[in-house]
Every structure is written in C-alpha cells, then in structure tokens.
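Notes for the one structure printed next.
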Amino acid sequence: MVLEERVLGRTGIKVKRYGFGGIPIQRVSEKEAIEVVRRCHEVGINYYDTARGYTVSEERMGKALEGVRDEVYLATKSGRRKAKEVIEELETSLRNLRTDYIDVFQLHNLSSEKAWEEVKGPGGALEALHRELDRGRIRHLGVTSHDPGFAAEVVKEGVFETVMIPYNYLTLKPEEELLPLCKKLNVGTVIMKPFGGGAFSNANTALKFMLGKEFANVVIPGMAHVHEVDENLSVASGPTSLTAEELSLIEKDRVELGSEFCRACNYCQPCPQEIGISFLLRAETQSLRRMGWRPGTEERFADMIEKARTCIECGACEERCPYHLPIRKLVVEKADSLERLLEARKA
C-alpha cells in the first residue's frame, strides 16, 4: 500500500500524510507500545509526534525507533515558557528519544497572549530554542495550539515553521483563517484530534474526511494497537472521496454531539474535587455507545455521579478548557442524564 507524501511547509521535510500521534502509547504496556510504533514504521509512516507531557511516550518511542532513526522524523513538545526550563526538557527529550537532535521541536499549547509574550520576552523559551537551532539539536521549530484564532496571530509573526491544530469534521474553524494563512506563508500543518478525541462514531470516516482536505500536510491519529495502525492504513492508502453513507455518519455525529462535546484533551484537570471530568462528559456518548453496559459499568457510573455532585463550581476547569466548554453546566447535565439511565435499568 502506497501512502501519499507531502512537504511539511518550509521545513522541506517530506512526510507521509498518515502520521503517528504518541498519546495513546502511554496507556498500554511497554511491549504493546513498542510493537505499535514499529508496525507504523513497517507500513511506511515516517512522522512521529510525542511530548514531554505524555509521561512515558517519549521513552517508548525512542526504544521502538532507535535502530531506524535516520528513516523517520521525530517531533516532540515542551510546555515550558522560560529558557532554562525549556532546555531542561529538551535535554530529557533527547535522552528519551535516544537521539542527538529533534526534527520538529514544538512549543506546546500556546493559546494566550500572556504565554506568547513570556515565550518571546527576555529569558523566554524562544531565545534558547533559537540557539538550539544554530547548534543543530533542533532542526525545525513549531507551535501547537487549540485556539485557531490565536494561532493565526502567532503564525503571522513568521517564527514557526509548523503549526499543530485540532481539525476534524466538527472542528472546522481552522479553515476560516489559520490553515489558508499557513498555506500562504508555507507553514507546515500537523493535524491532531482527527477523531474528535475518540468521540466520533466512525474513525475510518473521520480519517478519510481529513485526508481529503488540502490544508492537512500530515494527520496524526493516536494509536495504541497494531490493528488500529492497519485499519487506518487501509483508509490512508485508498480514495478520500466520501460515500453517501459516510456523509450520513458525519451528519449523525453533528446532530448528536453538537459543539459542546469533550475532546478528551484533559487540560481541564486536575479538579480540586477529583471529578473525572472528561470521563463523565464522554460516558454516555462514547463509553456506552461503543461498549454498552458491561460488568461494573453501573457501579462505576454511580460512583462518578456521586463525585460529580461534589462540584464546588470553582470554574478552574473552564479557565483551562481550550474549547471554552461550559463544563460546570455540562457536569450537572451529564450526571443527571446518567442517573436517569441507571434508574431506568433498575425499573
């Protein structure tokens, strides 16, 4: 199977449009993680994205790709805003990934003017990263954001060669300004959350939709199992035109999920009341829809509802949510809905 290749903006890097997102390999065993990354290499994937914030993801990716380093492009991220701190994280990433350079080093989740001013100000991360570009330990500099409007303003300053942004059939705002701007300025586009954080009803349709978009240089679905790599490969190496049935699935998700759905980025955490916000918000639309009622589901939902009732409405979660969801309202609504489902099962 042949994977389409595109140039990642002005980096000049030729990437396969089907890449690898490194979040899920935190959640499986190290053996499974290494197997899935090596399978990605076997099928021709050459762009691998991870981050310092993804716990053991870097280490596992480093072990899996150590023997083929010159055949792949490694991208990682740091959420640090100060020079000293970002260099400390770069050093750790180099050790974890078992390499002496990072192909694309990204400033992670840059989504506010305050953070941007800190990054580019005196003693900020940017001056340190420019030195690392000169040293060769970083080959290209990128930025990630969940706010396409703010990301567009940052891209206009000409600092970054790539931008990573959530983009899918329910998150189309990047098409309005950011992605056309990236094309005009030759900034590489890395697409995250193609499956809406796992909320969509059909992953194949979601990936096909994204691969059909001209603005997407590389799409990086998260994968934790070999069979997911192979399923996505069959989509990525095939036609991207959508069938009537696939268009119907997209419309169904638009109706059922609307705009107030959780993408499971978990930036809302930690909750001072230890409410599992993303699990609660996705329990009915994702867990039940995909897996149904299993042994222990009722008890888990009951515990989750009880915990949700302890919300003190501090609003900290909403301040951190990159999608500006009304989390306090949704916590009550989702807990009430799950409670009605449990009562119906007891009737």
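In the structure tokens, chains take the letters A, B, ... in the order shown, each chain's residues start at 1, and ligands count up from 1 in the order shown.
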
Neighbouring residues of range 148-157 of chain A were defined as those with any atom within 10 Å, considering only C-alpha atoms; residues of the same chain fewer than 5 positions away were excluded. Please report them as JSON, numbers by chain.
{"A": [109, 110, 111, 112, 113, 116, 142, 143, 162, 163, 164, 165, 166, 167, 172, 173, 174, 175, 176, 177, 178, 179, 180, 181, 182, 185, 187]}

What residues in range 19-173 of chain A get the DSSP label alpha helix (DSSP H)? Please answer as a PyMOL selection string.
chain A and resi 30-42+57-65+83-97+113-120+125-135+148-155

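By chain and then residue number, the residues within 10 Å of range 259-261 of chain A are Leu170, Thr171, Gly196, Gly197, Ala199, Arg254, Val255, Ser278, Leu281, Arg282, Thr285, Tyr323, His324, Leu325, Pro326, Ile327 and Leu330 of chain A, counting only C-alpha atoms and disregarding those fewer than 4 positions away in sequence.
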
Could you save the residues just selected, with N, CA and C atoms, as a tab-separated table (two decimals), in the first residue's frame?
```tsv
chain	number	residue	atom	x	y	z
A	170	LEU	N	-16.12	18.18	12.89
A	170	LEU	CA	-16.89	19.01	13.81
A	170	LEU	C	-16.07	20.19	14.35
A	171	THR	N	-14.84	20.28	13.94
A	171	THR	CA	-13.97	21.40	14.35
A	171	THR	C	-13.39	22.00	13.08
A	196	GLY	N	-11.85	13.57	16.90
A	196	GLY	CA	-12.56	14.29	17.95
A	196	GLY	C	-12.26	13.74	19.33
A	197	GLY	N	-11.02	13.29	19.54
A	197	GLY	CA	-10.67	12.72	20.84
A	197	GLY	C	-11.36	11.39	21.09
A	199	ALA	N	-14.48	10.72	20.11
A	199	ALA	CA	-15.93	10.90	20.29
A	199	ALA	C	-16.74	10.53	19.05
A	254	ARG	N	-22.86	15.22	13.94
A	254	ARG	CA	-23.10	16.66	14.10
A	254	ARG	C	-24.37	16.90	14.93
A	255	VAL	N	-25.38	16.08	14.68
A	255	VAL	CA	-26.63	16.23	15.41
A	255	VAL	C	-26.48	15.78	16.85
A	278	SER	N	-13.46	14.57	31.99
A	278	SER	CA	-13.58	14.08	30.62
A	278	SER	C	-14.30	12.74	30.56
A	281	LEU	N	-18.06	13.51	31.00
A	281	LEU	CA	-18.65	14.17	29.85
A	281	LEU	C	-18.77	13.24	28.64
A	282	ARG	N	-17.96	12.18	28.61
A	282	ARG	CA	-17.96	11.27	27.46
A	282	ARG	C	-18.60	9.91	27.76
A	285	THR	N	-21.98	9.37	25.57
A	285	THR	CA	-21.84	9.48	24.12
A	285	THR	C	-20.74	8.60	23.55
A	323	TYR	N	-11.41	24.61	24.53
A	323	TYR	CA	-12.58	24.70	23.68
A	323	TYR	C	-13.70	25.53	24.31
A	324	HIS	N	-13.39	26.12	25.47
A	324	HIS	CA	-14.32	27.01	26.16
A	324	HIS	C	-15.68	26.36	26.42
A	325	LEU	N	-15.64	25.10	26.81
A	325	LEU	CA	-16.88	24.40	27.13
A	325	LEU	C	-17.44	24.88	28.47
A	326	PRO	N	-18.77	24.95	28.59
A	326	PRO	CA	-19.40	25.30	29.87
A	326	PRO	C	-19.39	24.08	30.79
A	327	ILE	N	-18.24	23.73	31.28
A	327	ILE	CA	-18.05	22.46	31.98
A	327	ILE	C	-18.95	22.33	33.20
A	330	LEU	N	-22.25	21.33	32.04
A	330	LEU	CA	-22.24	20.00	31.46
A	330	LEU	C	-22.08	18.91	32.51
```

Rows by chain and residue number, range 156-261 of chain A within 10 Å of range 11-14 of chain A, shortest pair, only C-alpha atoms, as JSON lines:
```
{"residue": "A:Phe160", "atom": "CA", "partner": "A:Thr11", "partner_atom": "CA", "distance": 9.8}
{"residue": "A:Glu161", "atom": "CA", "partner": "A:Thr11", "partner_atom": "CA", "distance": 6.2}
{"residue": "A:Thr162", "atom": "CA", "partner": "A:Thr11", "partner_atom": "CA", "distance": 7.8}
{"residue": "A:Asn186", "atom": "CA", "partner": "A:Thr11", "partner_atom": "CA", "distance": 8.9}
{"residue": "A:Val187", "atom": "CA", "partner": "A:Thr11", "partner_atom": "CA", "distance": 8.1}
{"residue": "A:Gly188", "atom": "CA", "partner": "A:Thr11", "partner_atom": "CA", "distance": 7.3}
{"residue": "A:Asn217", "atom": "CA", "partner": "A:Lys14", "partner_atom": "CA", "distance": 9.5}
{"residue": "A:Val218", "atom": "CA", "partner": "A:Lys14", "partner_atom": "CA", "distance": 9.9}
```

Show which residues sit within 6 Å of Leu107 in chain A, as a PyMOL selection string. Count only C-alpha atoms, and ignore same-chain residues fewer than 2 positions away.
chain A and resi 77-79+143

Could you write out the selected residues, including N, CA and C atoms, as an mmCIF file, in the first residue's frame?
```
data_model
loop_
_atom_site.group_PDB
_atom_site.id
_atom_site.type_symbol
_atom_site.label_atom_id
_atom_site.label_comp_id
_atom_site.auth_asym_id
_atom_site.auth_seq_id
_atom_site.Cartn_x
_atom_site.Cartn_y
_atom_site.Cartn_z
ATOM 1 N N LYS A 77 7.434 18.085 22.122
ATOM 2 C CA LYS A 77 6.932 19.387 22.565
ATOM 3 C C LYS A 77 7.323 19.650 24.006
ATOM 4 N N SER A 78 7.346 20.941 24.339
ATOM 5 C CA SER A 78 7.523 21.365 25.718
ATOM 6 C C SER A 78 6.528 22.472 26.030
ATOM 7 N N GLY A 79 5.918 22.381 27.186
ATOM 8 C CA GLY A 79 5.004 23.419 27.635
ATOM 9 C C GLY A 79 5.690 24.486 28.460
ATOM 10 N N VAL A 143 4.796 25.099 16.684
ATOM 11 C CA VAL A 143 3.931 25.513 17.786
ATOM 12 C C VAL A 143 2.649 24.693 17.719
#
```

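With only C-alpha atoms as the atoms that count, the residue of A:Arg345, A:Glu228, A:Lys329, A:Cys262 with the shortest distance to Trp293 in chain A is A:Arg345.
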
Enumerate the residues of range 59-240 of chain A with a DSSP assignment of strand (DSSP E), computed from the backbone, and present them as a PyMOL selection string.
chain A and resi 73-78+102-107+138-144+162-166+188-192+218-219

Please provide as a PyMOL selection string all residues within 10 Å of Ser93 in chain A, with the sequence filter that same-chain residues fewer than 6 positions apart are discarded (counting only C-alpha atoms).
chain A and resi 50-52+58-59+62+75-78+87+99-102+105

Test item: residues at most 9 Å from Ile312 in chain A, only C-alpha atoms, excluding those fewer than 3 positions along its chain, as number ranges by chain
A: 272-273, 309, 315

Do a neighbour search on Ala224 in chain A at 9 Å with only C-alpha atoms, toss out local chain neighbours closer than 6 positions, and write the hits as a VMD selection string.
chain A and resid 22 to 28 32 to 33 36 to 37

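Comparing the minimum interatomic distances between Tyr48 in chain A and each of A:Leu94, A:Asn204, A:Ile220, A:Ala335, counting only C-alpha atoms, we find that A:Ile220 sits nearest.
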